[in-house]
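The structure appears below as structure tokens.
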Amino acid sequence: MIDRSLSVLKVALGSFKGRVAAAWLLVVIVAAVFAPLLTPYAYDLQTLSQAFQPPSASHWLGTDEFGRDLMTRLMYGARTSLSVSVVAIGLSVSLGLVFGAIAGYFGGRVDRAITVVVDLTWSFPEILLALILVAIIGPGVTGTLLAIGVAYLAQFTRLARGQIMSLRSETFVEAARSLGASDSFILAHHLIPNTLAPVLVTAMLATGDAIILEATLGFFGLGAQPPTPSWGGMMSSGTAQLFRAPGIILFPGLAVALTVIAINIFGDALVAAMDVRSRERKA
Amino acid sequence: MLLGVDTLSVSIGGAMPLEGIRFDIRKGEIVGIVGESGSGKSLTALAITGLLPLIGGRVSAGSISFEGTDLTKLSPRERRAYNGRRIGFITQNPMTALDPLQRIGEQVDVVSRLHLGLPPHAARARTVELFRQMRIAAPEAIAEAYPHQLSGGMKQRVVIAMALAGEPDLIVADEPTTALDVTVQAQIIHLLAEEVRNRHIALMMITHDMSIVAQLCDRVAVLYAGRVAEVSDVRALFAHPAHPYTRALIDCIPRPDMARGALTGIPGAVPAVADYPSGCRFHPRCPRATDLCRTQVPALVTDGRDSHACHHSLRDTHG
Amino acid sequence: MFTYVLKRLLTLVPVFLAVSFVIFMILHLIPGNPVDNLLRVGSSPDMRAEIEAKYGLDRPLLVQYVIWLFHVLQGDLGTAIVARRPVATIIGGALPYSLQLGGAALLFSSTLGILLGIVAAWFRDRWPDQAIMGGVLLGSTLPSFWMGLLFILFFAVWLGWFPVSGVRGWQSLVLPVLTIGFGGTALVTRVTRVAMVDAGGRDFVLLLHAKGLSPLRIALGHVLRVALLPVVTILSLRIGWILGGAVTVEVVFARPGLGTTLIKALSQHDYPVVQACLLMLSVAVMLGTLIGDVLQALLDPRMRHGHR
């Protein structure tokens with residue numbers, strides 16, 4: 001399993017595009033994790049005399065309307081945006097796997113009930129679902145996290161269900177069953193591990209969408225509340241300064257855009273690499 | 001000679017699934033192309049109809065001459081003028097052969113409008129007449145129907161009418177009945193042969209059914225794993241096959257004197273392109289194989305229009 | 001055809017009930033007493049009693065839902081807490097703007113998207129395809145509100161071609177439509193390209209070539225029609241996305257509409273308005289799928305004849 005993942009990763013990093021995308025993601029993750037070590041400023045340090053500074057040696061990206069260092073806020077913002085998105089998608093993946101596995105494995109009435117709910121939410125745009133949930137839970141990090149998690153639940157339930165259904169009749173499952181393995185054993189040891197690869201790639205691509213969704217909620221002022229910086233929140237407060245200091249909006253937006261594009265390119269490279277791998281094994 | 005296929009090779013990607021194919025078809029002749037699935041029959045049909053690019057293939061060597069014109073040398077536009085007009089095509093599965101969103105009649109009309117320059121009304125009249133010849137009941141109504149409203153047998157009659165509509169000189173039929181119910185198979189195949197004979201059109205019929213070949217064809221080309229095994233007159237072929245593969249195919253035909261359940265295939269399977277064996281590609285399944293067969297590719301020995309490629313031809317022993 | 005539409009409409013009834021129940025529940029799931037959530041702070045006991053009586057807030061939950069739904073279906077969406085106006089009036093004022101924007105964006109995205117999808121499929125794996133798919137990647141990954149802000153900066157502030165915000169004249173519609181259309185077009189293009197490539201590989205295409213038809217005629221006259229079926233299906237399922245895009249973009253361009261109304265109400269905790277906006281958007285999504293189904297039936301004779 002690890003051997004295979006490593007070789008898939010190697011193929012994915014084989015292309016120039018894949019390498020650049022991976023490099024950018026690494027930069028963002030490092031910046032997010034080590035933000036306190038990488039910047040001399042505090043993210044909420046207001047120095048009004050330093051407001052609206054253009055980019056310079058001491059403030060690489062300039063400062064905002066309160067004289068806060070934009071680079072610093074961008075790095076701390078990456079912390080919020082990335083962790084919220086990753087945890088939220090983690091939530092939808094784990095719940096989706098459970099629901100999808102139950103629906104796909106047992107079929108019948110359980111399956112129909114789950115499918116009805118999934119189809120229902122599927123036709124609604126994620127932003128609308130998230131807004132409904134934020135309306136219930138209230139704005140903030142928790143609200144955003146749960147809203148995004150539930151918004152993508154349908155997608156992963158559906159994916160896991162389809163995977164399990166197609167695997168259920170394969171020989172190794174039949175074999176396990178004939179050897180007297182219990183349902184939960186088969187699910188945990190045979191079916192769920194085998195659905196992991198496609199689910200993980202989809203999860204990665206969905207994380208990109210989640211970052212946009214998080215930024216959008218933040219932009220509406222419904223995400224992480226000030227002074228906690230998030231990419232969306234920075235842009236939200238920046239709209240008022242759009243004409244005076246476009247950088248306040250430009251840089252966080254660019255961070256969102258580049259990160260999401262990098263995730264998509266890297267995700268596509270992974271998909272292609274997995275295809276190549278499976279074809280090599282067949283030939 | 002109407003169609004001459006000479007040392008034709010086809011490549012798809014890095015593979016060469018068809019190699020050195022050689023046979024010819026005269027005006028009004030019915031030629032059967034036989035072999036198990038995977039022997040390259042359909043690819044031969046696609047090469048002759050110029051449809052290889054659609055599946056990512058191309059002619060990598062050899063020629064296909066139609067009344068002296070090498071089709072492989074033509075531009076796509078020049079090549080297209082032959083399709084429908086000089087060469088008609090009947091695909092394997094009538095269920096998926098028609099545009100699901102267009103009325104049946106329009107799909108047939110377009111051939112005579114495009115190639116014979118008929119105005120819409122005349123084209124429709126011709127379509128209805130062709131349907132009548134294909135023994136389609138209520139041809140006017142069928143022309144107004146959509147494909148999903150027709151049975152498989154009915155659809156194949158439509159496809160045959162479509163192939164006839166451009167008054168072609170050659171019809172290429174790729175296993176025209178395998179996808180149909182057994183009961184209608186014979187009906188359709190005889191109808192096709194009858195219409196072709198009436199019009200003195202040549203027919204290249206791909207099939208894996210040797211009894212159909214025996215009943216309908218004038219000549220036969222046997223393909224195995226992308227190469228020609230044997231080309232011969234149908235009588236000679238059944239009386240004195242040269243290639244052990246041909247012999248094996250003939251032995252598979254069910255006969256009345258056979259015991260029930262004695263129906264057997266040839267042991268083993270046609271190798272995939274990537275696994276073609278060295279020497280004669282039939283040697284792993286051949287009862288007569290020797291070391292020579294394992295190492296040396298047998299040359300295609302030609303005798304007039306007939307040819308075969310075997311180191312140990314059965315005809316040598318027959319004398 | 002009429003019975004088909006009616007049948008589809010009937011299947012939407014349980015969906016509507018489920019969705020409206022969730023939206024109804026918002027009031028009960030948020031912290032605090034529902035009565036307080038429906039009233040301004042410091043309202044008189046008389047008003048509390050009036051609200052309680054109107055919505056039967058002392059009755060079981062399901063009865064409350066039925067009462068609420070009954071009011072909603074009669075067009076009574078309650079009274080906005082902050083604006084102190086009937087919610088129906090507020091929605092009635094906002095809806096036309098949202099419909100205008102959503103409709104224009106949908107038209108723009110589907111026209112341009114289908115066109116680009118055809119071109120990309122035709123030049124599959126060659127440079128025009130790669131260029132279009134590069135644009136698609138940008139369109140589907142750049143956050144729409146950010147694109148909107150960039151458009152404002154570039155076209156409105158620097159070039160001064162279009163107004164920054166507001167709803168005066170058609171010019172004010174251009175940038176919002178472009179903003180939504182960027183993502184929407186990307187979606188439609190991708191779907192169309194895949195559908196064209198898929199349909200182009202079907203058996204019947206082989207026979208069309210064998211009939212001697214020109215590739216362009218086959219692509220536009222036959223493959224496109226078959227490819228449009230999945231495009232229409234996915235488009236109708238994703239009409240909600242385009243509407244969702246409208247919500248965001250309205251806020252960016254400070255356009256009146258359901259989106260701005262919803263976001264404002266959310267920040268003001270004006271729950272009757274929140275509920276009404278969400279309900280309207282949900283109904284729009286449902287109608288979108290209905291329209292898609294009807295279009296599909298118009299395009300596909302098999303559906304008309306009740307096969308499949």
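Residue names in the structure tokens use chain letters A, B, ... in the order shown, residue numbers from 1 in each chain, and ligand numbers from 1 in the order shown.
If you count only C-alpha atoms and ignore residues fewer than 4 places along the chain from Ile142 in chain B, what sits within 8 Å of it is Ile104, Gly105 and Ala138 of chain B.
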Take the residues just selected and output them with C-alpha atoms as a PDB file, in the first residue's frame.
```
ATOM      1  CA  ILE B 104     -35.288   6.516 -39.327  1.00  0.00           C
ATOM      2  CA  GLY B 105     -36.320   7.839 -42.721  1.00  0.00           C
ATOM      3  CA  ALA B 138     -45.545  -0.361 -43.277  1.00  0.00           C
TER       4      ALA B 138
END
```
Find the residues near Gly35 in chain B: any atom within 9 Å, counting only C-alpha atoms, skip ones fewer than 4 places away on the same chain, and give them as a list in words. Ser39, Gly40, Lys41, Ile206, Thr207, His208, Asp209, Ala221, Val222, Leu223, Tyr224, Ala225, Tyr245, Thr246 and Leu249 of chain B
Restricting the output to N, CA and C atoms, write the selected residues as a PDB file, in the first residue's frame.
```pdb
ATOM      1  N   SER B  39      -9.027 -11.830 -34.326  1.00  0.00           N
ATOM      2  CA  SER B  39      -8.122 -12.180 -35.417  1.00  0.00           C
ATOM      3  C   SER B  39      -7.910 -11.018 -36.379  1.00  0.00           C
ATOM      4  N   GLY B  40      -8.647  -9.920 -36.214  1.00  0.00           N
ATOM      5  CA  GLY B  40      -8.394  -8.731 -37.016  1.00  0.00           C
ATOM      6  C   GLY B  40      -9.397  -8.500 -38.127  1.00  0.00           C
ATOM      7  N   LYS B  41     -10.545  -9.202 -38.072  1.00  0.00           N
ATOM      8  CA  LYS B  41     -11.543  -9.057 -39.139  1.00  0.00           C
ATOM      9  C   LYS B  41     -12.125  -7.646 -39.148  1.00  0.00           C
ATOM     10  N   ILE B 206     -17.936 -10.281 -42.923  1.00  0.00           N
ATOM     11  CA  ILE B 206     -17.149 -10.774 -41.806  1.00  0.00           C
ATOM     12  C   ILE B 206     -18.043 -11.655 -40.947  1.00  0.00           C
ATOM     13  N   THR B 207     -17.542 -12.806 -40.578  1.00  0.00           N
ATOM     14  CA  THR B 207     -18.352 -13.699 -39.749  1.00  0.00           C
ATOM     15  C   THR B 207     -17.432 -14.678 -39.046  1.00  0.00           C
ATOM     16  N   HIS B 208     -17.932 -15.279 -37.978  1.00  0.00           N
ATOM     17  CA  HIS B 208     -17.134 -16.373 -37.424  1.00  0.00           C
ATOM     18  C   HIS B 208     -17.913 -17.682 -37.581  1.00  0.00           C
ATOM     19  N   ASP B 209     -18.983 -17.602 -38.392  1.00  0.00           N
ATOM     20  CA  ASP B 209     -19.851 -18.759 -38.573  1.00  0.00           C
ATOM     21  C   ASP B 209     -19.527 -19.446 -39.902  1.00  0.00           C
ATOM     22  N   ALA B 221     -11.520 -15.647 -46.947  1.00  0.00           N
ATOM     23  CA  ALA B 221     -10.198 -15.327 -46.415  1.00  0.00           C
ATOM     24  C   ALA B 221     -10.223 -15.655 -44.927  1.00  0.00           C
ATOM     25  N   VAL B 222      -9.286 -16.504 -44.515  1.00  0.00           N
ATOM     26  CA  VAL B 222      -9.214 -16.871 -43.099  1.00  0.00           C
ATOM     27  C   VAL B 222      -8.106 -16.052 -42.453  1.00  0.00           C
ATOM     28  N   LEU B 223      -8.444 -15.314 -41.392  1.00  0.00           N
ATOM     29  CA  LEU B 223      -7.437 -14.521 -40.682  1.00  0.00           C
ATOM     30  C   LEU B 223      -7.166 -15.164 -39.328  1.00  0.00           C
ATOM     31  N   TYR B 224      -5.906 -15.071 -38.901  1.00  0.00           N
ATOM     32  CA  TYR B 224      -5.591 -15.494 -37.546  1.00  0.00           C
ATOM     33  C   TYR B 224      -4.571 -14.542 -36.933  1.00  0.00           C
ATOM     34  N   ALA B 225      -4.907 -13.982 -35.772  1.00  0.00           N
ATOM     35  CA  ALA B 225      -4.002 -13.098 -35.020  1.00  0.00           C
ATOM     36  C   ALA B 225      -3.363 -12.042 -35.916  1.00  0.00           C
ATOM     37  N   TYR B 245      -5.488 -24.201 -39.114  1.00  0.00           N
ATOM     38  CA  TYR B 245      -6.478 -23.359 -38.455  1.00  0.00           C
ATOM     39  C   TYR B 245      -7.813 -23.433 -39.178  1.00  0.00           C
ATOM     40  N   THR B 246      -7.751 -23.422 -40.528  1.00  0.00           N
ATOM     41  CA  THR B 246      -8.972 -23.547 -41.313  1.00  0.00           C
ATOM     42  C   THR B 246      -9.649 -24.886 -41.010  1.00  0.00           C
ATOM     43  N   LEU B 249     -11.404 -24.713 -37.767  1.00  0.00           N
ATOM     44  CA  LEU B 249     -12.653 -23.944 -37.866  1.00  0.00           C
ATOM     45  C   LEU B 249     -13.754 -24.797 -38.478  1.00  0.00           C
TER      46      LEU B 249
END
```
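Residues from chain C that have an atom within 7 Å of chain A, counting only C-alpha atoms, are Val15, Ile26, Leu29, Ile30, Thr141, Leu142, Pro143, Trp146, Leu237, Gly240, Trp241, Gly244, Ile263, Leu266 and Val285 of chain C.
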What are the nearest atom pairs, with distances in Å to one decimal, for all residues of chain B that come at most 12 Å from chain A, using only C-alpha atoms, set out by chain and rising residue number as CSV?
```
residue,atom,partner,partner_atom,distance
B:Ala272,CA,A:Ala283,CA,10.6
B:Val273,CA,A:Ala283,CA,11.1
B:Ala274,CA,A:Ala283,CA,8.4
B:Asp275,CA,A:Ala283,CA,9.9
```
For those residues, write N, CA, C and O atoms to a file as a short mmCIF file (atom, residue, chain, number, x, y, z; two decimals), in the first residue's frame.
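Result file follows (result-v1.cif):
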```cif
data_model
loop_
_atom_site.label_atom_id
_atom_site.label_comp_id
_atom_site.auth_asym_id
_atom_site.auth_seq_id
_atom_site.Cartn_x
_atom_site.Cartn_y
_atom_site.Cartn_z
N ALA B 272 -3.61 -11.85 -27.49
CA ALA B 272 -3.76 -10.41 -27.64
C ALA B 272 -2.55 -9.86 -28.39
O ALA B 272 -1.50 -10.51 -28.45
N VAL B 273 -2.71 -8.66 -28.95
CA VAL B 273 -1.65 -8.08 -29.78
C VAL B 273 -0.30 -8.07 -29.06
O VAL B 273 0.74 -8.35 -29.65
N ALA B 274 -0.36 -7.73 -27.75
CA ALA B 274 0.89 -7.62 -27.01
C ALA B 274 1.57 -8.97 -26.82
O ALA B 274 2.76 -9.03 -26.55
N ASP B 275 0.79 -10.06 -26.94
CA ASP B 275 1.34 -11.39 -26.65
C ASP B 275 1.51 -12.25 -27.89
O ASP B 275 1.54 -13.48 -27.79
#
```
Run DSSP on the backbone and grab whatever in range 45-159 of chain C lands in helix (DSSP H, G or I); send it over as a PyMOL selection string. chain C and resi 45-55+61-73+87-122+127-141+144-158
Counting only C-alpha atoms, which residues of chain C fall within 12 Å of chain B, and what is the closest atom pair for each with its distance in Å at one decimal, ordered by chain and rising number, as JSON lines?
```
{"residue": "C:Val197", "atom": "CA", "partner": "B:Leu54", "partner_atom": "CA", "distance": 11.5}
{"residue": "C:Ala199", "atom": "CA", "partner": "B:Asp99", "partner_atom": "CA", "distance": 10.4}
{"residue": "C:Gly200", "atom": "CA", "partner": "B:Leu54", "partner_atom": "CA", "distance": 9.0}
{"residue": "C:Gly201", "atom": "CA", "partner": "B:Leu54", "partner_atom": "CA", "distance": 7.8}
{"residue": "C:Arg202", "atom": "CA", "partner": "B:Thr96", "partner_atom": "CA", "distance": 7.8}
{"residue": "C:Asp203", "atom": "CA", "partner": "B:Ala97", "partner_atom": "CA", "distance": 5.5}
{"residue": "C:Phe204", "atom": "CA", "partner": "B:Ala97", "partner_atom": "CA", "distance": 4.2}
{"residue": "C:Val205", "atom": "CA", "partner": "B:Asp99", "partner_atom": "CA", "distance": 7.7}
{"residue": "C:Leu206", "atom": "CA", "partner": "B:Leu51", "partner_atom": "CA", "distance": 7.2}
{"residue": "C:Leu207", "atom": "CA", "partner": "B:Ala97", "partner_atom": "CA", "distance": 6.4}
{"residue": "C:Leu208", "atom": "CA", "partner": "B:Leu98", "partner_atom": "CA", "distance": 8.4}
{"residue": "C:His209", "atom": "CA", "partner": "B:Leu51", "partner_atom": "CA", "distance": 7.3}
{"residue": "C:Ala210", "atom": "CA", "partner": "B:Asn83", "partner_atom": "CA", "distance": 5.3}
{"residue": "C:Lys211", "atom": "CA", "partner": "B:Gly84", "partner_atom": "CA", "distance": 4.2}
{"residue": "C:Gly212", "atom": "CA", "partner": "B:Asn83", "partner_atom": "CA", "distance": 4.5}
{"residue": "C:Leu213", "atom": "CA", "partner": "B:Arg80", "partner_atom": "CA", "distance": 7.5}
{"residue": "C:Ser214", "atom": "CA", "partner": "B:Arg80", "partner_atom": "CA", "distance": 7.6}
{"residue": "C:Pro215", "atom": "CA", "partner": "B:Arg80", "partner_atom": "CA", "distance": 9.7}
{"residue": "C:Leu216", "atom": "CA", "partner": "B:Arg77", "partner_atom": "CA", "distance": 11.9}
{"residue": "C:Arg217", "atom": "CA", "partner": "B:Val110", "partner_atom": "CA", "distance": 11.7}
{"residue": "C:Ile218", "atom": "CA", "partner": "B:Asp99", "partner_atom": "CA", "distance": 10.4}
{"residue": "C:Gly221", "atom": "CA", "partner": "B:Gln102", "partner_atom": "CA", "distance": 9.8}
{"residue": "C:His222", "atom": "CA", "partner": "B:Asp99", "partner_atom": "CA", "distance": 7.1}
{"residue": "C:Val223", "atom": "CA", "partner": "B:Asp99", "partner_atom": "CA", "distance": 8.7}
{"residue": "C:Leu224", "atom": "CA", "partner": "B:Leu101", "partner_atom": "CA", "distance": 10.7}
{"residue": "C:Arg225", "atom": "CA", "partner": "B:Leu101", "partner_atom": "CA", "distance": 7.5}
{"residue": "C:Val226", "atom": "CA", "partner": "B:Leu101", "partner_atom": "CA", "distance": 7.1}
{"residue": "C:Ala227", "atom": "CA", "partner": "B:Leu101", "partner_atom": "CA", "distance": 10.8}
{"residue": "C:Leu228", "atom": "CA", "partner": "B:Leu101", "partner_atom": "CA", "distance": 11.1}
{"residue": "C:Leu229", "atom": "CA", "partner": "B:Leu101", "partner_atom": "CA", "distance": 10.3}
{"residue": "C:Gln296", "atom": "CA", "partner": "B:Leu101", "partner_atom": "CA", "distance": 11.7}
{"residue": "C:Ala297", "atom": "CA", "partner": "B:Leu101", "partner_atom": "CA", "distance": 11.4}
{"residue": "C:Leu298", "atom": "CA", "partner": "B:Leu101", "partner_atom": "CA", "distance": 10.7}
{"residue": "C:Leu299", "atom": "CA", "partner": "B:Leu101", "partner_atom": "CA", "distance": 7.8}
{"residue": "C:Asp300", "atom": "CA", "partner": "B:Leu101", "partner_atom": "CA", "distance": 6.2}
{"residue": "C:Pro301", "atom": "CA", "partner": "B:Leu101", "partner_atom": "CA", "distance": 6.4}
{"residue": "C:Arg302", "atom": "CA", "partner": "B:His148", "partner_atom": "CA", "distance": 6.6}
{"residue": "C:Met303", "atom": "CA", "partner": "B:His148", "partner_atom": "CA", "distance": 10.3}
{"residue": "C:Arg304", "atom": "CA", "partner": "B:Tyr146", "partner_atom": "CA", "distance": 11.1}
{"residue": "C:His305", "atom": "CA", "partner": "B:Gln149", "partner_atom": "CA", "distance": 8.9}
{"residue": "C:Gly306", "atom": "CA", "partner": "B:His148", "partner_atom": "CA", "distance": 10.8}
{"residue": "C:His307", "atom": "CA", "partner": "B:His148", "partner_atom": "CA", "distance": 8.3}
{"residue": "C:Arg308", "atom": "CA", "partner": "B:His148", "partner_atom": "CA", "distance": 10.2}
```
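If you look at CA of Gly4 in chain B and CA of Ser232 in chain B, they are 14.7 Å away from each other.
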